[in-house]
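One structure below.
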Amino acid sequence: MTLLHRVSRHVRQIRLSLEFLLGRRFLLFACVDLLVIGGALLAVLLGEGDEPGAVWSGVVLPPLLLLGLPALSGVVDLERRAGCLDLALAAPAAEAYFVRRMAAVCTVLFAQGSLLMLADWLHESANFPLLSVVLQAAVVSLFLGAASLFWAVRLKTAGAMWLATMATLLALGRWFFFNPVPDLVFGKRGALLPYGEDAVAWLGSVGVLIPAAAILFLYARRRLRRPETML
């Protein structure tokens, strides 16, 4: 199987997972996503947020909270409302079944944020460290998915899961909402990673979020492997 076929297969799987997870809301979510991104980009083009850091805060983070969190709230609740959660948990690959849904949402959000920051990086003539920004997008997407799955397997309603996940994000807000684009970029043009105080601040953010995401995911997986605790 060629690389192109593998990529197309994975893209198709992600699309099917999103369509199944969102149902009739799929087009609505897509339209809202375009509006959020378009509005933020328009503000940047008009000069209201021409700093790269403003692009991160206005284009990368809002879709995570406005679209990613509501979409992830149905990772487990979809089967629970349909009355077939016991059947889903009885499947041979029940753990992977729910993890794939979470991964589909997080992958789309990460890819979207990374591409937008890459476009801004090219527009700004490599005026900020791109690699750390892309890694930060991956980490915050991963943490959002892990926190959502952790609460989805414990709470019985999507609303309760949404509130608990938001409370978790706020509790770690210092690191989750950290802006990886340095304020002062003079003399750093073309660098892929920050250094000095900027590197310490960025490493502190990922150093907290990655272990936290791993712990939340492991506890969620442990519960998925014990279906009787979820019924």
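Identifiers in this document derive from the order of the structure tokens: chains are assigned A, B, ..., residues are numbered from 1 separately in each chain, and ligands are numbered from 1 in order of occurrence.
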Please, which residues in segment 117-197 of chain A fall within 9 Å of segment 93-105 of chain A when counting only C-alpha atoms, and what is the closest atom pair and distance in Å to one decimal for each, ordered by chain then residue number, as a Markdown table?
```
| residue | atom | partner | partner_atom | distance |
| --- | --- | --- | --- | --- |
| A:Ser141 | CA | A:Val105 | CA | 8.8 |
| A:Leu142 | CA | A:Ala103 | CA | 8.2 |
| A:Gly145 | CA | A:Met102 | CA | 5.8 |
| A:Ala146 | CA | A:Met102 | CA | 8.1 |
| A:Ser148 | CA | A:Met102 | CA | 8.2 |
| A:Leu149 | CA | A:Met102 | CA | 7.2 |
```
Contacts of Leu78 of chain A at 8 Å (only C-alpha atoms; same-chain gap of 4+ positions) as a PDB file with N, CA and C atoms, in the first residue's frame:
```
ATOM      1  N   LEU A  21     -19.895  10.997  14.874  1.00  0.00           N
ATOM      2  CA  LEU A  21     -19.911  11.640  16.186  1.00  0.00           C
ATOM      3  C   LEU A  21     -20.817  12.865  16.201  1.00  0.00           C
ATOM      4  N   GLY A  74     -19.642  14.087  23.127  1.00  0.00           N
ATOM      5  CA  GLY A  74     -20.453  12.951  22.722  1.00  0.00           C
ATOM      6  C   GLY A  74     -19.667  11.680  22.481  1.00  0.00           C
ATOM      7  N   ALA A  82     -28.346   6.404  23.124  1.00  0.00           N
ATOM      8  CA  ALA A  82     -28.988   5.454  22.226  1.00  0.00           C
ATOM      9  C   ALA A  82     -29.340   4.150  22.925  1.00  0.00           C
TER      10      ALA A  82
END
```
| field | 9 Å contact set for segment 155-157 of chain A, only C-alpha atoms, chain neighbours under 5 positions out, as JSON, numbers by chain | value | {"A": [73, 74, 76, 77, 80, 81, 162, 164, 230]}
With C-alpha atoms kept, could you save the residues just selected as a short mmCIF file (atom, residue, chain, number, x, y, z; two decimals), in the first residue's frame?
```
data_model
loop_
_atom_site.label_atom_id
_atom_site.label_comp_id
_atom_site.auth_asym_id
_atom_site.auth_seq_id
_atom_site.Cartn_x
_atom_site.Cartn_y
_atom_site.Cartn_z
CA SER A 73 -18.72 15.66 24.76
CA GLY A 74 -20.45 12.95 22.72
CA VAL A 76 -19.34 8.14 25.07
CA ASP A 77 -22.67 9.92 25.52
CA ARG A 80 -25.44 6.05 26.29
CA ARG A 81 -28.32 8.10 24.86
CA TRP A 162 -18.44 19.49 29.29
CA ALA A 164 -15.94 19.04 34.23
CA MET A 230 -19.56 2.59 33.27
#
```
| query | So which residues touch segment 214-216 of chain A within 12 Å, counting only C-alpha atoms, skipping near sequence neighbours fewer than 6 positions away, as an NGL selection string? | reply | :A and (139 or 142-154 or 165 or 168 or 206-208 or 222-223)
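Closest approach to Tyr195 of chain A among A:Trp121, A:Phe20, A:Phe128, A:Phe29 is made by A:Phe128 (distances from only C-alpha atoms).
Atom pair atom CA of Val140 of chain A / atom CA of Phe178 of chain A: separated by 9.5 Å.
For the set A:Leu209, A:Cys31, A:Ile37, A:Ala71, the residue with the smallest atom-to-atom gap to Met161 of chain A is A:Ala71, counting only C-alpha atoms.
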| request: Considering only C-alpha atoms, return as a PyMOL selection string whatever protein or nucleic-acid residues lie within 7 Å of segment 111-119 of chain A, sequence-local ones (same chain, fewer than 4 positions apart) excluded. | output: chain A and resi 60+107+123+134+137
| message | From the options A:Ala54, A:Leu65, A:Ala90, A:Ile14, which residue's atoms come nearest to Arg225 of chain A, counting only C-alpha atoms? | response | A:Ala90
What's around Val181 of chain A at 9 Å? Count only C-alpha atoms, leave out sequence neighbours fewer than 4 positions away in its own chain, and write the answer as a CSV table (one decimal) with N, CA and C atoms, in the first residue's frame.
```
chain,number,residue,atom,x,y,z
A,52,PRO,N,2.1,37.7,15.6
A,52,PRO,CA,1.9,36.2,15.5
A,52,PRO,C,1.2,35.6,16.8
A,53,GLY,N,1.5,36.2,17.9
A,53,GLY,CA,0.9,35.7,19.2
A,53,GLY,C,-0.6,35.9,19.1
A,54,ALA,N,-1.1,37.0,18.5
A,54,ALA,CA,-2.5,37.2,18.4
A,54,ALA,C,-3.2,36.2,17.5
A,56,TRP,N,-2.2,33.0,17.3
A,56,TRP,CA,-2.4,31.8,18.1
A,56,TRP,C,-3.6,32.0,19.0
A,128,PHE,N,9.0,33.8,14.1
A,128,PHE,CA,8.9,33.2,15.4
A,128,PHE,C,9.2,31.7,15.3
A,129,PRO,N,9.6,31.0,16.4
A,129,PRO,CA,10.0,29.6,16.3
A,129,PRO,C,8.8,28.7,16.0
A,130,LEU,N,8.8,28.2,14.8
A,130,LEU,CA,7.6,27.4,14.3
A,130,LEU,C,7.5,26.0,15.0
A,132,SER,N,8.2,24.9,18.0
A,132,SER,CA,7.6,24.9,19.4
A,132,SER,C,6.1,25.2,19.3
A,133,VAL,N,5.7,26.1,18.3
A,133,VAL,CA,4.3,26.4,18.2
A,133,VAL,C,3.5,25.2,17.7
A,185,VAL,N,10.9,38.9,19.4
A,185,VAL,CA,11.5,37.9,18.4
A,185,VAL,C,12.6,38.5,17.6
A,194,PRO,N,12.5,28.2,20.6
A,194,PRO,CA,12.9,29.3,21.4
A,194,PRO,C,14.1,29.0,22.2
A,198,ASP,N,12.3,32.4,27.0
A,198,ASP,CA,11.2,31.9,26.2
A,198,ASP,C,11.1,30.3,26.2
```
Would you list, as a PDB file with N, CA and C atoms, in the first residue's frame, the residues of segment 93-188 of chain A that end up in alpha helix (DSSP H) under DSSP run on this structure's backbone?
```pdb
ATOM      1  N   ALA A  94     -13.284  -2.354  22.308  1.00  0.00           N
ATOM      2  CA  ALA A  94     -14.076  -1.240  22.840  1.00  0.00           C
ATOM      3  C   ALA A  94     -13.204  -0.040  23.187  1.00  0.00           C
ATOM      4  N   GLU A  95     -12.046  -0.307  23.752  1.00  0.00           N
ATOM      5  CA  GLU A  95     -11.151   0.795  24.126  1.00  0.00           C
ATOM      6  C   GLU A  95     -10.739   1.600  22.902  1.00  0.00           C
ATOM      7  N   ALA A  96     -10.291   0.903  21.857  1.00  0.00           N
ATOM      8  CA  ALA A  96      -9.863   1.590  20.642  1.00  0.00           C
ATOM      9  C   ALA A  96     -11.033   2.293  19.965  1.00  0.00           C
ATOM     10  N   TYR A  97     -12.227   1.763  20.108  1.00  0.00           N
ATOM     11  CA  TYR A  97     -13.423   2.336  19.489  1.00  0.00           C
ATOM     12  C   TYR A  97     -13.647   3.771  19.958  1.00  0.00           C
ATOM     13  N   PHE A  98     -13.554   4.001  21.266  1.00  0.00           N
ATOM     14  CA  PHE A  98     -13.761   5.344  21.804  1.00  0.00           C
ATOM     15  C   PHE A  98     -12.529   6.227  21.633  1.00  0.00           C
ATOM     16  N   VAL A  99     -11.351   5.624  21.710  1.00  0.00           N
ATOM     17  CA  VAL A  99     -10.127   6.410  21.547  1.00  0.00           C
ATOM     18  C   VAL A  99     -10.027   6.967  20.131  1.00  0.00           C
ATOM     19  N   ARG A 100     -10.470   6.167  19.131  1.00  0.00           N
ATOM     20  CA  ARG A 100     -10.432   6.647  17.745  1.00  0.00           C
ATOM     21  C   ARG A 100     -11.305   7.876  17.560  1.00  0.00           C
ATOM     22  N   ARG A 101     -12.441   7.912  18.220  1.00  0.00           N
ATOM     23  CA  ARG A 101     -13.306   9.094  18.115  1.00  0.00           C
ATOM     24  C   ARG A 101     -12.601  10.323  18.675  1.00  0.00           C
ATOM     25  N   MET A 102     -12.029  10.154  19.847  1.00  0.00           N
ATOM     26  CA  MET A 102     -11.310  11.267  20.455  1.00  0.00           C
ATOM     27  C   MET A 102     -10.148  11.708  19.568  1.00  0.00           C
ATOM     28  N   ALA A 103      -9.418  10.746  19.022  1.00  0.00           N
ATOM     29  CA  ALA A 103      -8.268  11.061  18.191  1.00  0.00           C
ATOM     30  C   ALA A 103      -8.673  11.774  16.907  1.00  0.00           C
ATOM     31  N   ALA A 104      -9.830  11.441  16.348  1.00  0.00           N
ATOM     32  CA  ALA A 104     -10.280  12.088  15.110  1.00  0.00           C
ATOM     33  C   ALA A 104     -10.482  13.579  15.322  1.00  0.00           C
ATOM     34  N   VAL A 105     -11.158  13.946  16.411  1.00  0.00           N
ATOM     35  CA  VAL A 105     -11.396  15.361  16.702  1.00  0.00           C
ATOM     36  C   VAL A 105     -10.083  16.084  16.961  1.00  0.00           C
ATOM     37  N   CYS A 106      -9.225  15.490  17.784  1.00  0.00           N
ATOM     38  CA  CYS A 106      -7.963  16.136  18.145  1.00  0.00           C
ATOM     39  C   CYS A 106      -7.036  16.274  16.944  1.00  0.00           C
ATOM     40  N   THR A 107      -7.048  15.282  16.050  1.00  0.00           N
ATOM     41  CA  THR A 107      -6.195  15.350  14.868  1.00  0.00           C
ATOM     42  C   THR A 107      -6.599  16.499  13.953  1.00  0.00           C
ATOM     43  N   VAL A 108      -7.900  16.663  13.750  1.00  0.00           N
ATOM     44  CA  VAL A 108      -8.381  17.747  12.897  1.00  0.00           C
ATOM     45  C   VAL A 108      -8.036  19.106  13.498  1.00  0.00           C
ATOM     46  N   LEU A 109      -8.240  19.260  14.797  1.00  0.00           N
ATOM     47  CA  LEU A 109      -7.936  20.528  15.447  1.00  0.00           C
ATOM     48  C   LEU A 109      -6.447  20.835  15.409  1.00  0.00           C
ATOM     49  N   PHE A 110      -5.627  19.809  15.630  1.00  0.00           N
ATOM     50  CA  PHE A 110      -4.176  20.003  15.576  1.00  0.00           C
ATOM     51  C   PHE A 110      -3.721  20.368  14.168  1.00  0.00           C
ATOM     52  N   ALA A 111      -4.213  19.641  13.168  1.00  0.00           N
ATOM     53  CA  ALA A 111      -3.809  19.909  11.788  1.00  0.00           C
ATOM     54  C   ALA A 111      -4.226  21.313  11.362  1.00  0.00           C
ATOM     55  N   GLN A 112      -5.439  21.693  11.726  1.00  0.00           N
ATOM     56  CA  GLN A 112      -5.928  23.019  11.361  1.00  0.00           C
ATOM     57  C   GLN A 112      -5.083  24.107  11.996  1.00  0.00           C
ATOM     58  N   GLY A 113      -4.836  24.000  13.299  1.00  0.00           N
ATOM     59  CA  GLY A 113      -4.037  25.012  13.990  1.00  0.00           C
ATOM     60  C   GLY A 113      -2.620  25.078  13.466  1.00  0.00           C
ATOM     61  N   SER A 114      -2.011  23.924  13.188  1.00  0.00           N
ATOM     62  CA  SER A 114      -0.635  23.900  12.700  1.00  0.00           C
ATOM     63  C   SER A 114      -0.527  24.538  11.320  1.00  0.00           C
ATOM     64  N   LEU A 115      -1.472  24.235  10.438  1.00  0.00           N
ATOM     65  CA  LEU A 115      -1.433  24.805   9.095  1.00  0.00           C
ATOM     66  C   LEU A 115      -1.609  26.324   9.130  1.00  0.00           C
ATOM     67  N   LEU A 116      -2.484  26.793   9.996  1.00  0.00           N
ATOM     68  CA  LEU A 116      -2.696  28.238  10.099  1.00  0.00           C
ATOM     69  C   LEU A 116      -1.456  28.944  10.644  1.00  0.00           C
ATOM     70  N   MET A 117      -0.809  28.330  11.632  1.00  0.00           N
ATOM     71  CA  MET A 117       0.412  28.936  12.168  1.00  0.00           C
ATOM     72  C   MET A 117       1.552  28.845  11.159  1.00  0.00           C
ATOM     73  N   LEU A 118       1.590  27.776  10.361  1.00  0.00           N
ATOM     74  CA  LEU A 118       2.597  27.676   9.301  1.00  0.00           C
ATOM     75  C   LEU A 118       2.397  28.782   8.276  1.00  0.00           C
ATOM     76  N   ALA A 119       1.137  29.026   7.896  1.00  0.00           N
ATOM     77  CA  ALA A 119       0.856  30.095   6.940  1.00  0.00           C
ATOM     78  C   ALA A 119       1.280  31.446   7.501  1.00  0.00           C
ATOM     79  N   ASP A 120       1.023  31.675   8.793  1.00  0.00           N
ATOM     80  CA  ASP A 120       1.423  32.941   9.403  1.00  0.00           C
ATOM     81  C   ASP A 120       2.940  33.029   9.513  1.00  0.00           C
ATOM     82  N   TRP A 121       3.596  31.892   9.779  1.00  0.00           N
ATOM     83  CA  TRP A 121       5.058  31.860   9.862  1.00  0.00           C
ATOM     84  C   TRP A 121       5.681  32.252   8.529  1.00  0.00           C
ATOM     85  N   LEU A 122       5.111  31.739   7.441  1.00  0.00           N
ATOM     86  CA  LEU A 122       5.609  32.102   6.121  1.00  0.00           C
ATOM     87  C   LEU A 122       5.315  33.567   5.810  1.00  0.00           C
ATOM     88  N   HIS A 123       4.130  34.021   6.235  1.00  0.00           N
ATOM     89  CA  HIS A 123       3.746  35.417   6.006  1.00  0.00           C
ATOM     90  C   HIS A 123       4.645  36.375   6.779  1.00  0.00           C
ATOM     91  N   LEU A 130       8.786  28.153  14.815  1.00  0.00           N
ATOM     92  CA  LEU A 130       7.647  27.382  14.322  1.00  0.00           C
ATOM     93  C   LEU A 130       7.498  26.036  15.027  1.00  0.00           C
ATOM     94  N   LEU A 131       8.583  25.327  15.250  1.00  0.00           N
ATOM     95  CA  LEU A 131       8.493  23.969  15.783  1.00  0.00           C
ATOM     96  C   LEU A 131       7.844  23.941  17.170  1.00  0.00           C
ATOM     97  N   SER A 132       8.223  24.886  18.019  1.00  0.00           N
ATOM     98  CA  SER A 132       7.632  24.921  19.358  1.00  0.00           C
ATOM     99  C   SER A 132       6.139  25.246  19.295  1.00  0.00           C
ATOM    100  N   VAL A 133       5.733  26.056  18.341  1.00  0.00           N
ATOM    101  CA  VAL A 133       4.317  26.402  18.184  1.00  0.00           C
ATOM    102  C   VAL A 133       3.523  25.177  17.724  1.00  0.00           C
ATOM    103  N   VAL A 134       4.069  24.428  16.758  1.00  0.00           N
ATOM    104  CA  VAL A 134       3.393  23.221  16.281  1.00  0.00           C
ATOM    105  C   VAL A 134       3.309  22.180  17.396  1.00  0.00           C
ATOM    106  N   LEU A 135       4.384  22.013  18.151  1.00  0.00           N
ATOM    107  CA  LEU A 135       4.368  21.069  19.267  1.00  0.00           C
ATOM    108  C   LEU A 135       3.367  21.489  20.337  1.00  0.00           C
ATOM    109  N   GLN A 136       3.253  22.786  20.575  1.00  0.00           N
ATOM    110  CA  GLN A 136       2.276  23.276  21.552  1.00  0.00           C
ATOM    111  C   GLN A 136       0.857  22.973  21.079  1.00  0.00           C
ATOM    112  N   ALA A 137       0.602  23.149  19.789  1.00  0.00           N
ATOM    113  CA  ALA A 137      -0.724  22.815  19.236  1.00  0.00           C
ATOM    114  C   ALA A 137      -1.035  21.337  19.423  1.00  0.00           C
ATOM    115  N   ALA A 138      -0.035  20.480  19.232  1.00  0.00           N
ATOM    116  CA  ALA A 138      -0.236  19.050  19.435  1.00  0.00           C
ATOM    117  C   ALA A 138      -0.508  18.734  20.898  1.00  0.00           C
ATOM    118  N   VAL A 139       0.214  19.384  21.792  1.00  0.00           N
ATOM    119  CA  VAL A 139       0.077  19.095  23.225  1.00  0.00           C
ATOM    120  C   VAL A 139      -1.283  19.544  23.756  1.00  0.00           C
ATOM    121  N   VAL A 140      -1.720  20.746  23.392  1.00  0.00           N
ATOM    122  CA  VAL A 140      -3.012  21.223  23.904  1.00  0.00           C
ATOM    123  C   VAL A 140      -4.162  20.411  23.317  1.00  0.00           C
ATOM    124  N   SER A 141      -4.034  19.979  22.053  1.00  0.00           N
ATOM    125  CA  SER A 141      -5.068  19.125  21.464  1.00  0.00           C
ATOM    126  C   SER A 141      -5.105  17.782  22.171  1.00  0.00           C
ATOM    127  N   LEU A 142      -3.932  17.233  22.452  1.00  0.00           N
ATOM    128  CA  LEU A 142      -3.851  15.951  23.155  1.00  0.00           C
ATOM    129  C   LEU A 142      -4.425  16.058  24.563  1.00  0.00           C
ATOM    130  N   PHE A 143      -4.104  17.142  25.250  1.00  0.00           N
ATOM    131  CA  PHE A 143      -4.612  17.304  26.614  1.00  0.00           C
ATOM    132  C   PHE A 143      -6.126  17.467  26.625  1.00  0.00           C
ATOM    133  N   LEU A 144      -6.651  18.231  25.671  1.00  0.00           N
ATOM    134  CA  LEU A 144      -8.102  18.390  25.582  1.00  0.00           C
ATOM    135  C   LEU A 144      -8.776  17.041  25.372  1.00  0.00           C
ATOM    136  N   GLY A 145      -8.221  16.223  24.473  1.00  0.00           N
ATOM    137  CA  GLY A 145      -8.796  14.913  24.223  1.00  0.00           C
ATOM    138  C   GLY A 145      -8.718  14.009  25.437  1.00  0.00           C
ATOM    139  N   ALA A 146      -7.581  14.000  26.124  1.00  0.00           N
ATOM    140  CA  ALA A 146      -7.420  13.139  27.299  1.00  0.00           C
ATOM    141  C   ALA A 146      -8.358  13.562  28.425  1.00  0.00           C
ATOM    142  N   ALA A 147      -8.467  14.868  28.656  1.00  0.00           N
ATOM    143  CA  ALA A 147      -9.366  15.351  29.710  1.00  0.00           C
ATOM    144  C   ALA A 147     -10.821  15.037  29.371  1.00  0.00           C
ATOM    145  N   SER A 148     -11.190  15.185  28.107  1.00  0.00           N
ATOM    146  CA  SER A 148     -12.562  14.890  27.694  1.00  0.00           C
ATOM    147  C   SER A 148     -12.885  13.412  27.865  1.00  0.00           C
ATOM    148  N   LEU A 149     -11.961  12.548  27.464  1.00  0.00           N
ATOM    149  CA  LEU A 149     -12.196  11.107  27.594  1.00  0.00           C
ATOM    150  C   LEU A 149     -12.249  10.693  29.062  1.00  0.00           C
ATOM    151  N   PHE A 150     -11.405  11.308  29.883  1.00  0.00           N
ATOM    152  CA  PHE A 150     -11.388  11.001  31.318  1.00  0.00           C
ATOM    153  C   PHE A 150     -12.754  11.245  31.945  1.00  0.00           C
ATOM    154  N   TRP A 151     -13.354  12.386  31.634  1.00  0.00           N
ATOM    155  CA  TRP A 151     -14.655  12.704  32.229  1.00  0.00           C
ATOM    156  C   TRP A 151     -15.796  12.007  31.494  1.00  0.00           C
ATOM    157  N   ALA A 152     -15.634  11.725  30.211  1.00  0.00           N
ATOM    158  CA  ALA A 152     -16.706  11.078  29.457  1.00  0.00           C
ATOM    159  C   ALA A 152     -16.995   9.682  29.972  1.00  0.00           C
ATOM    160  N   ALA A 158     -23.587  14.568  28.716  1.00  0.00           N
ATOM    161  CA  ALA A 158     -22.625  15.365  27.968  1.00  0.00           C
ATOM    162  C   ALA A 158     -22.421  16.727  28.623  1.00  0.00           C
ATOM    163  N   GLY A 159     -23.487  17.290  29.209  1.00  0.00           N
ATOM    164  CA  GLY A 159     -23.358  18.581  29.868  1.00  0.00           C
ATOM    165  C   GLY A 159     -22.422  18.529  31.060  1.00  0.00           C
ATOM    166  N   ALA A 160     -22.568  17.492  31.886  1.00  0.00           N
ATOM    167  CA  ALA A 160     -21.689  17.347  33.048  1.00  0.00           C
ATOM    168  C   ALA A 160     -20.246  17.132  32.606  1.00  0.00           C
ATOM    169  N   MET A 161     -20.077  16.348  31.558  1.00  0.00           N
ATOM    170  CA  MET A 161     -18.728  16.112  31.040  1.00  0.00           C
ATOM    171  C   MET A 161     -18.112  17.412  30.519  1.00  0.00           C
ATOM    172  N   TRP A 162     -18.921  18.210  29.823  1.00  0.00           N
ATOM    173  CA  TRP A 162     -18.437  19.493  29.288  1.00  0.00           C
ATOM    174  C   TRP A 162     -17.981  20.408  30.412  1.00  0.00           C
ATOM    175  N   LEU A 163     -18.792  20.526  31.467  1.00  0.00           N
ATOM    176  CA  LEU A 163     -18.441  21.399  32.580  1.00  0.00           C
ATOM    177  C   LEU A 163     -17.194  20.911  33.308  1.00  0.00           C
ATOM    178  N   ALA A 164     -17.100  19.591  33.526  1.00  0.00           N
ATOM    179  CA  ALA A 164     -15.943  19.042  34.230  1.00  0.00           C
ATOM    180  C   ALA A 164     -14.664  19.236  33.419  1.00  0.00           C
ATOM    181  N   THR A 165     -14.757  19.046  32.110  1.00  0.00           N
ATOM    182  CA  THR A 165     -13.582  19.237  31.265  1.00  0.00           C
ATOM    183  C   THR A 165     -13.159  20.699  31.245  1.00  0.00           C
ATOM    184  N   MET A 166     -14.121  21.607  31.156  1.00  0.00           N
ATOM    185  CA  MET A 166     -13.791  23.027  31.176  1.00  0.00           C
ATOM    186  C   MET A 166     -13.152  23.421  32.501  1.00  0.00           C
ATOM    187  N   ALA A 167     -13.649  22.870  33.603  1.00  0.00           N
ATOM    188  CA  ALA A 167     -13.049  23.148  34.905  1.00  0.00           C
ATOM    189  C   ALA A 167     -11.611  22.642  34.954  1.00  0.00           C
ATOM    190  N   THR A 168     -11.352  21.489  34.322  1.00  0.00           N
ATOM    191  CA  THR A 168      -9.988  20.957  34.276  1.00  0.00           C
ATOM    192  C   THR A 168      -9.073  21.866  33.466  1.00  0.00           C
ATOM    193  N   LEU A 169      -9.573  22.358  32.344  1.00  0.00           N
ATOM    194  CA  LEU A 169      -8.776  23.276  31.527  1.00  0.00           C
ATOM    195  C   LEU A 169      -8.471  24.562  32.286  1.00  0.00           C
ATOM    196  N   LEU A 170      -9.457  25.067  33.014  1.00  0.00           N
ATOM    197  CA  LEU A 170      -9.239  26.291  33.780  1.00  0.00           C
ATOM    198  C   LEU A 170      -8.270  26.063  34.930  1.00  0.00           C
ATOM    199  N   ALA A 171      -8.342  24.884  35.536  1.00  0.00           N
ATOM    200  CA  ALA A 171      -7.429  24.579  36.640  1.00  0.00           C
ATOM    201  C   ALA A 171      -5.980  24.559  36.168  1.00  0.00           C
ATOM    202  N   GLY A 173      -5.095  26.278  33.456  1.00  0.00           N
ATOM    203  CA  GLY A 173      -5.136  27.341  32.458  1.00  0.00           C
ATOM    204  C   GLY A 173      -3.816  28.041  32.242  1.00  0.00           C
ATOM    205  N   ARG A 174      -3.008  28.130  33.283  1.00  0.00           N
ATOM    206  CA  ARG A 174      -1.711  28.799  33.147  1.00  0.00           C
ATOM    207  C   ARG A 174      -0.861  28.139  32.077  1.00  0.00           C
ATOM    208  N   TRP A 175      -0.992  26.829  31.933  1.00  0.00           N
ATOM    209  CA  TRP A 175      -0.204  26.073  30.953  1.00  0.00           C
ATOM    210  C   TRP A 175      -1.000  25.784  29.692  1.00  0.00           C
ATOM    211  N   PHE A 176      -2.302  25.539  29.822  1.00  0.00           N
ATOM    212  CA  PHE A 176      -3.111  25.224  28.641  1.00  0.00           C
ATOM    213  C   PHE A 176      -3.249  26.451  27.740  1.00  0.00           C
TER     214      PHE A 176
END
```
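Of the residues under consideration (A:Leu193, A:Ile210, A:Leu35, A:Leu22), A:Leu35 shows the shortest atom-to-atom contact distance to Pro62 of chain A when counting only C-alpha atoms.
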| Length of the atom CA of Leu41 of chain A to atom CA of Ala191 of chain A vector [Å] | 23.9 Å
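Here atom CA of Ala30 of chain A is placed at a distance of 9.0 Å from atom CA of Leu67 of chain A.
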